[in-house]
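Undergrad: Handing you this structure, nothing more for now.
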Amino acid sequence: MPRDLADVLHYLLPEAEPKAARTPPVHAGPTPARRPAALPLVGVPIGESDVVRSALTWNLAVEIARLGARALVLAPKSGGDEALLPVSGVGPVGVEVVHSDARGLGELHRHAIDVAVDRAAEAPEGGVVFVRIPPPWLAGLAESSSLLRWCLLFTSGDARELLETYGIAKLILGANECARVGITVHGARRLADAEQAFARLTRSTERHLGRELASYGLLVDDLDVYRAIVARRPIGLAHPQSPAARALRDVARLVLDDAREMAVV
Amino acid sequence: MRDRIRDFGPSLRVIAEDVMGERSTADLVAVDDRGQVTLILIGEAGDDPTLLTRALALCSWVSARLADWAQIGPELRLDPDAPVRAVLLCPDFDPETRSAAASLGAQAPVLACYREAHNGAQDGFWIEAASPSVGATARAATGLGRHTPEPAVFRSGLSEADLHLTAEERRDFES
């Protein structure tokens, strides 16, 4: 399902247009009629020592939890720096970080399923499990993995980073042709820059891969995000009224809405 | 040494000390008025071969993080696209270390010898160039660095080869 960035920009930026000034709903979306049997998994490729993407993922999980749903981050111990995320356990607003001993995508997927089923029992409002995937595990993937069924990629508008993001999307779609690949543009200084970055990515994906990407909004380049990263304090708790926190909440809504649609009931 | 930092560039200012990289530490991290980062590593006699290896590793480590640093600390006015350069300070440099450094071309670190100096009650040190010219090399590094090819590995740790990118796909994302 293609989605335009303009759909999600209503109240993210101070200079937002009248349409954008409408008050966001208090709740993220409809409460699922039934408790899910398993929380959906969102694969997030994050490189070793990639502090920004790790922090964005964790902050996104916190925002989803603030919307009343369950949110976890599962990260393998190998293939990355576990110090990028908080220690294992339950953190702010109930967000849980789980470290996995998995040494490959298959093992990681099995662990993720266990966690998704187990935590679903405590998630009447639904939720999501973010699974950090070490990018080298995507390269040379011999067989399809349903862990890649839904992936979220964070990218800035930098040309080289867009090329990298395109390449990772290509790997994911090559390994799972049914994959839904979502893009969140971060570090955007201007709305036009973010739109241009997403348009560039999706144009190339359609042209070369015959596939569309889903937009999961943008995170404005707000210093508070990076200060929160340094302080290891979620932006939504440290500066809840900042443009960055509101932007993150909007991305969280999009993810949670889709998670509720995709939840196994 | 902080007071002598301008020996290696008139606009250099120190922004951090003892910055830990993957395995080792840069003694000083400085930035010039163009936003180019300089790492300064100080060793003792005999440390020069190790210092060179550490400098290369630290330059690579810092380069991969410059964009994040620029976002975390915009007030530092870092240029994430400028190549990271290194200055190595040692009492002396072995000819092999000098040759190895020189072979790196535009990416060669600046080598400088230091000597402790005692003048009555005051202690200090003086610095002399070990590479062709400390100032000239520093200036050259700034200019030549613009032609340094893009790093082969992305932030994800994957290379273009890992991503199986075609020339046409790469062209789509040329700036």
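Order determines the names: the first chain of the structure tokens is A, the second B, and so forth; residues in each chain are numbered 1 upward, and ligands are numbered 1 upward as they are shown.
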Got a sec: who's within 12 Å of Val153 of chain B, counting only C-alpha atoms, leaving out chain neighbours fewer than 2 positions off, as a VMD selection string?
TA: (chain A and resid 47 135 to 136 160 to 161 163 to 164) or (chain B and resid 60 to 61 63 to 64 149 to 151 155 to 163)
Undergrad: Generate a file of the selected residues that holds C-alpha atoms, formatted as a PDB file, in the first residue's frame.
TA:
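Saved to result_13.pdb:
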ATOM      1  CA  GLY A  47      24.455  -1.853  11.563  1.00  0.00           C
ATOM      2  CA  PRO A 135      22.671  -6.116   7.925  1.00  0.00           C
ATOM      3  CA  PRO A 136      25.415  -8.657   7.125  1.00  0.00           C
ATOM      4  CA  ARG A 160      24.873   7.741  -0.250  1.00  0.00           C
ATOM      5  CA  GLU A 161      22.583   6.745   2.583  1.00  0.00           C
ATOM      6  CA  LEU A 163      21.718   4.305  -2.062  1.00  0.00           C
ATOM      7  CA  GLU A 164      22.433   2.090   0.944  1.00  0.00           C
TER       8      GLU A 164
ATOM      9  CA  SER B  60      38.127   5.167   9.661  1.00  0.00           C
ATOM     10  CA  TRP B  61      36.127   4.822  12.881  1.00  0.00           C
ATOM     11  CA  SER B  63      34.692   8.968   9.489  1.00  0.00           C
ATOM     12  CA  ALA B  64      31.862   6.496   9.871  1.00  0.00           C
ATOM     13  CA  PRO B 149      36.876   8.227  -3.109  1.00  0.00           C
ATOM     14  CA  GLU B 150      33.720   7.436  -1.190  1.00  0.00           C
ATOM     15  CA  PRO B 151      34.219   4.792   1.482  1.00  0.00           C
ATOM     16  CA  ARG B 155      27.126   2.564   7.746  1.00  0.00           C
ATOM     17  CA  SER B 156      25.314  -0.775   7.821  1.00  0.00           C
ATOM     18  CA  GLY B 157      28.656  -2.504   7.348  1.00  0.00           C
ATOM     19  CA  LEU B 158      27.623  -3.674   3.891  1.00  0.00           C
ATOM     20  CA  SER B 159      29.520  -2.821   0.740  1.00  0.00           C
ATOM     21  CA  GLU B 160      28.155  -2.015  -2.702  1.00  0.00           C
ATOM     22  CA  ALA B 161      29.110  -5.542  -3.695  1.00  0.00           C
ATOM     23  CA  ASP B 162      27.049  -6.977  -0.807  1.00  0.00           C
ATOM     24  CA  LEU B 163      24.068  -4.971  -2.027  1.00  0.00           C
TER      25      LEU B 163
END
Undergrad: Would you list the contacts of Cys59 of chain B as a list in words, taking every protein, DNA or RNA residue within 8 Å and counting only C-alpha atoms, but skipping same-chain residues closer than 2 positions in sequence?
TA: Leu39, Ala55, Leu56, Ala57, Trp61, Val62, Ser63, Val84, Arg85 and Ala86 of chain B
Undergrad: Got time to write the residues from that selection, all heavy atoms, as a compact mmCIF listing (two decimals), in the first residue's frame?
TA:
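Generated output (selection09.txt):
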# COMPACT_ATOMS: atom_id res chain seq x y z
N LEU B 39 42.54 14.31 14.16
CA LEU B 39 42.82 13.51 15.36
C LEU B 39 44.30 13.65 15.68
O LEU B 39 45.14 13.55 14.77
CB LEU B 39 42.50 12.03 15.10
CG LEU B 39 41.11 11.71 14.55
CD1 LEU B 39 40.97 10.21 14.33
CD2 LEU B 39 40.04 12.21 15.51
N ALA B 55 46.15 5.37 14.13
CA ALA B 55 45.62 6.56 13.46
C ALA B 55 44.72 6.16 12.30
O ALA B 55 43.64 6.74 12.12
CB ALA B 55 46.77 7.43 12.96
N LEU B 56 45.15 5.18 11.51
CA LEU B 56 44.33 4.76 10.37
C LEU B 56 43.01 4.18 10.85
O LEU B 56 41.95 4.47 10.29
CB LEU B 56 45.10 3.71 9.53
CG LEU B 56 46.37 4.23 8.87
CD1 LEU B 56 47.09 3.10 8.14
CD2 LEU B 56 46.05 5.36 7.90
N ALA B 57 43.09 3.36 11.88
CA ALA B 57 41.86 2.74 12.41
C ALA B 57 40.93 3.81 12.97
O ALA B 57 39.72 3.79 12.74
CB ALA B 57 42.22 1.72 13.48
N TRP B 61 37.20 4.91 11.87
CA TRP B 61 36.13 4.82 12.88
C TRP B 61 35.39 6.16 13.00
O TRP B 61 34.17 6.21 13.02
CB TRP B 61 36.75 4.41 14.22
CG TRP B 61 35.75 4.10 15.30
CD1 TRP B 61 35.15 2.90 15.54
CD2 TRP B 61 35.26 5.01 16.29
NE1 TRP B 61 34.32 3.02 16.62
CE2 TRP B 61 34.36 4.28 17.10
CE3 TRP B 61 35.49 6.35 16.58
CZ2 TRP B 61 33.69 4.86 18.17
CZ3 TRP B 61 34.83 6.94 17.65
CH2 TRP B 61 33.94 6.19 18.43
N VAL B 62 36.16 7.24 13.05
CA VAL B 62 35.54 8.56 13.19
C VAL B 62 34.78 8.94 11.92
O VAL B 62 33.67 9.48 11.98
CB VAL B 62 36.61 9.63 13.53
CG1 VAL B 62 36.03 11.03 13.44
CG2 VAL B 62 37.16 9.39 14.94
N SER B 63 35.36 8.62 10.76
CA SER B 63 34.69 8.97 9.49
C SER B 63 33.29 8.39 9.44
O SER B 63 32.35 9.05 8.97
CB SER B 63 35.49 8.43 8.30
OG SER B 63 36.71 9.09 8.21
N VAL B 84 38.73 12.84 7.46
CA VAL B 84 39.36 12.99 8.79
C VAL B 84 40.86 12.85 8.61
O VAL B 84 41.33 11.94 7.93
CB VAL B 84 38.83 11.90 9.74
CG1 VAL B 84 39.52 12.00 11.09
CG2 VAL B 84 37.33 12.02 9.90
N ARG B 85 41.62 13.76 9.18
CA ARG B 85 43.07 13.64 9.08
C ARG B 85 43.66 13.39 10.46
O ARG B 85 42.99 13.60 11.48
CB ARG B 85 43.69 14.86 8.40
CG ARG B 85 43.64 16.12 9.22
CD ARG B 85 44.21 17.28 8.43
NE ARG B 85 44.30 18.48 9.25
CZ ARG B 85 45.44 19.02 9.68
NH1 ARG B 85 46.60 18.46 9.37
NH2 ARG B 85 45.43 20.11 10.41
N ALA B 86 44.89 12.95 10.46
CA ALA B 86 45.53 12.61 11.74
C ALA B 86 46.89 13.28 11.83
O ALA B 86 47.58 13.47 10.82
CB ALA B 86 45.68 11.10 11.87
Undergrad: So that I can check the surroundings of Ala26 of chain B, please list as a list in words every protein, DNA and RNA residue that reaches within 9 Å of it, counting only C-alpha atoms and ignoring chain neighbours fewer than 3 positions away.
TA: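 My reading of the contact set: Glu17, Asp18, Val19, Met20, Gly21, Val29, Leu39, Ile40, Leu41, Ile42, Arg54, Ala55 and Leu58 of chain B.
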Undergrad: Next, write the just-selected residues to a file, as a PDB file, in the first residue's frame, keeping N, CA and C atoms as the atom set.
TA:
ATOM      1  N   GLU B  17      38.900  15.351  24.248  1.00  0.00           N
ATOM      2  CA  GLU B  17      40.147  14.692  24.642  1.00  0.00           C
ATOM      3  C   GLU B  17      39.860  13.232  24.943  1.00  0.00           C
ATOM      4  N   ASP B  18      40.852  12.405  24.707  1.00  0.00           N
ATOM      5  CA  ASP B  18      40.760  10.978  25.055  1.00  0.00           C
ATOM      6  C   ASP B  18      39.479  10.342  24.518  1.00  0.00           C
ATOM      7  N   VAL B  19      39.294  10.453  23.230  1.00  0.00           N
ATOM      8  CA  VAL B  19      38.101   9.874  22.617  1.00  0.00           C
ATOM      9  C   VAL B  19      38.383   8.417  22.246  1.00  0.00           C
ATOM     10  N   MET B  20      37.582   7.540  22.809  1.00  0.00           N
ATOM     11  CA  MET B  20      37.779   6.106  22.598  1.00  0.00           C
ATOM     12  C   MET B  20      37.173   5.685  21.272  1.00  0.00           C
ATOM     13  N   GLY B  21      37.984   5.024  20.453  1.00  0.00           N
ATOM     14  CA  GLY B  21      37.469   4.455  19.210  1.00  0.00           C
ATOM     15  C   GLY B  21      37.095   3.009  19.416  1.00  0.00           C
ATOM     16  N   VAL B  29      40.903  15.583  19.813  1.00  0.00           N
ATOM     17  CA  VAL B  29      40.117  15.717  18.585  1.00  0.00           C
ATOM     18  C   VAL B  29      39.906  17.208  18.364  1.00  0.00           C
ATOM     19  N   LEU B  39      42.540  14.311  14.163  1.00  0.00           N
ATOM     20  CA  LEU B  39      42.822  13.505  15.357  1.00  0.00           C
ATOM     21  C   LEU B  39      44.299  13.646  15.678  1.00  0.00           C
ATOM     22  N   ILE B  40      44.605  13.844  16.927  1.00  0.00           N
ATOM     23  CA  ILE B  40      46.005  13.970  17.332  1.00  0.00           C
ATOM     24  C   ILE B  40      46.338  12.834  18.287  1.00  0.00           C
ATOM     25  N   LEU B  41      47.346  12.075  17.899  1.00  0.00           N
ATOM     26  CA  LEU B  41      47.761  10.927  18.702  1.00  0.00           C
ATOM     27  C   LEU B  41      49.186  11.165  19.168  1.00  0.00           C
ATOM     28  N   ILE B  42      49.407  10.983  20.431  1.00  0.00           N
ATOM     29  CA  ILE B  42      50.727  11.259  21.010  1.00  0.00           C
ATOM     30  C   ILE B  42      51.309   9.959  21.535  1.00  0.00           C
ATOM     31  N   ARG B  54      47.070   2.804  14.642  1.00  0.00           N
ATOM     32  CA  ARG B  54      45.937   3.339  15.413  1.00  0.00           C
ATOM     33  C   ARG B  54      45.303   4.520  14.711  1.00  0.00           C
ATOM     34  N   ALA B  55      46.155   5.369  14.131  1.00  0.00           N
ATOM     35  CA  ALA B  55      45.623   6.559  13.457  1.00  0.00           C
ATOM     36  C   ALA B  55      44.718   6.163  12.300  1.00  0.00           C
ATOM     37  N   LEU B  58      41.511   4.767  13.703  1.00  0.00           N
ATOM     38  CA  LEU B  58      40.670   5.802  14.314  1.00  0.00           C
ATOM     39  C   LEU B  58      40.056   6.725  13.256  1.00  0.00           C
TER      40      LEU B  58
END
Undergrad: So which residues of segment 52-263 of chain A fall under helix (DSSP H, G or I) by DSSP, listed as number ranges by chain?
TA: A: 52-66, 82-84, 92-94, 105-120, 135-137, 146-149, 159-175, 191-209, 223-231, 235-238, 243-262
Undergrad: Do you know which residues are at most 6 Å from segment 57-66 of chain A counting only C-alpha atoms, after dropping those on the same chain fewer than 4 positions away, and could you put them as a list in words?
TA: Arg70, Ala71, Val95, Pro234, Arg249 and Ala252 of chain A
Undergrad: With all heavy atoms retained, write the just-selected residues as a tab-separated table (two decimals), in the first residue's frame.
TA:
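Printed below is result_11.tsv as written:
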chain	number	residue	atom	x	y	z
A	70	ARG	N	1.69	-2.60	23.42
A	70	ARG	CA	2.90	-3.27	23.91
A	70	ARG	C	4.00	-3.08	22.88
A	70	ARG	O	3.75	-3.16	21.66
A	70	ARG	CB	2.59	-4.76	24.05
A	70	ARG	CG	3.61	-5.54	24.84
A	70	ARG	CD	3.23	-5.59	26.30
A	70	ARG	NE	3.93	-6.68	27.00
A	70	ARG	CZ	5.13	-6.55	27.55
A	70	ARG	NH1	5.77	-5.42	27.46
A	70	ARG	NH2	5.67	-7.57	28.20
A	71	ALA	N	5.21	-2.82	23.31
A	71	ALA	CA	6.31	-2.65	22.35
A	71	ALA	C	7.58	-3.24	22.93
A	71	ALA	O	7.89	-3.05	24.11
A	71	ALA	CB	6.51	-1.18	22.03
A	95	VAL	N	8.39	-0.55	27.97
A	95	VAL	CA	9.09	-1.05	26.78
A	95	VAL	C	10.17	-2.04	27.21
A	95	VAL	O	10.95	-1.76	28.10
A	95	VAL	CB	9.73	0.11	25.98
A	95	VAL	CG1	10.64	-0.44	24.88
A	95	VAL	CG2	8.66	0.98	25.38
A	234	PRO	N	14.20	8.60	26.63
A	234	PRO	CA	13.31	8.70	25.48
A	234	PRO	C	12.85	10.13	25.25
A	234	PRO	O	12.48	10.84	26.19
A	234	PRO	CB	12.12	7.80	25.86
A	234	PRO	CG	12.60	6.95	26.97
A	234	PRO	CD	13.69	7.69	27.66
A	249	ARG	N	5.83	10.35	17.41
A	249	ARG	CA	4.53	9.79	17.79
A	249	ARG	C	3.69	9.51	16.55
A	249	ARG	O	2.95	8.53	16.49
A	249	ARG	CB	3.80	10.75	18.75
A	249	ARG	CG	2.42	10.26	19.11
A	249	ARG	CD	1.88	10.95	20.33
A	249	ARG	NE	2.39	10.31	21.53
A	249	ARG	CZ	1.66	10.10	22.63
A	249	ARG	NH1	0.42	10.50	22.69
A	249	ARG	NH2	2.17	9.51	23.67
A	252	ALA	N	4.91	6.43	15.13
A	252	ALA	CA	4.44	5.33	15.98
A	252	ALA	C	3.00	4.97	15.67
A	252	ALA	O	2.63	3.79	15.63
A	252	ALA	CB	4.58	5.72	17.45
Undergrad: Which residues are close to Ala100 of chain B, i.e. within 12 Å by only C-alpha atoms, leaving aside same-chain residues fewer than 3 positions away? Reply as a list in words.
TA: Asp48, Pro49, Thr50, Leu51, Leu52, Thr53, Leu56, Phe93, Asp94, Pro95, Glu96, Thr97, Ser103, Leu104, Gly105, Gln107, Ala108, Pro109, Leu111 and Ser131 of chain B
Undergrad: Neighbouring residues of Gly126 of chain A were defined as those with any atom within 8 Å, considering only C-alpha atoms; residues of the same chain fewer than 4 positions away were excluded. Please report them as a PyMOL selection string.
TA: chain A and resi 31-32+35-36+39+69-70+120+259-260+263
Undergrad: Measure the distance from atom CA of Val37 of chain B to atom CA of Val220 of chain A in Å and round it to one decimal.
TA: 26.0 Å
Undergrad: With distances taken over only C-alpha atoms, which of A:Ala139, A:Val93, A:Ala121, A:Leu218 is nearest to Gly187 of chain A?
TA: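 Smallest separation from Gly187 of chain A among the options: A:Leu218.
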Undergrad: Go ahead and compute the interatomic distance for atom CA of Ala244 of chain A and atom CA of Asp224 of chain A, in Å to one decimal.
TA: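 These two atoms are separated by 6.9 Å.
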Undergrad: If you count only C-alpha atoms, which residues fall within 10 Å of Ala228 of chain A, apart from same-chain ones fewer than 3 positions away, as a list of chain:residue names?
TA: A:Ala55, A:Leu56, A:Asn59, A:Leu223, A:Asp224, A:Val225, A:Ala231, A:Arg232, A:Arg233, A:Pro234, A:Ile235, A:Gly236, A:Leu237, A:Ala238, A:His239, B:Ile72
Undergrad: Measuring between only C-alpha atoms, which one of A:Leu67, A:Ala197, A:Leu108, A:Val42 shows the shortest distance to chain B?
TA: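 When distances to chain B are compared using only C-alpha atoms, the smallest one comes from A:Ala197.
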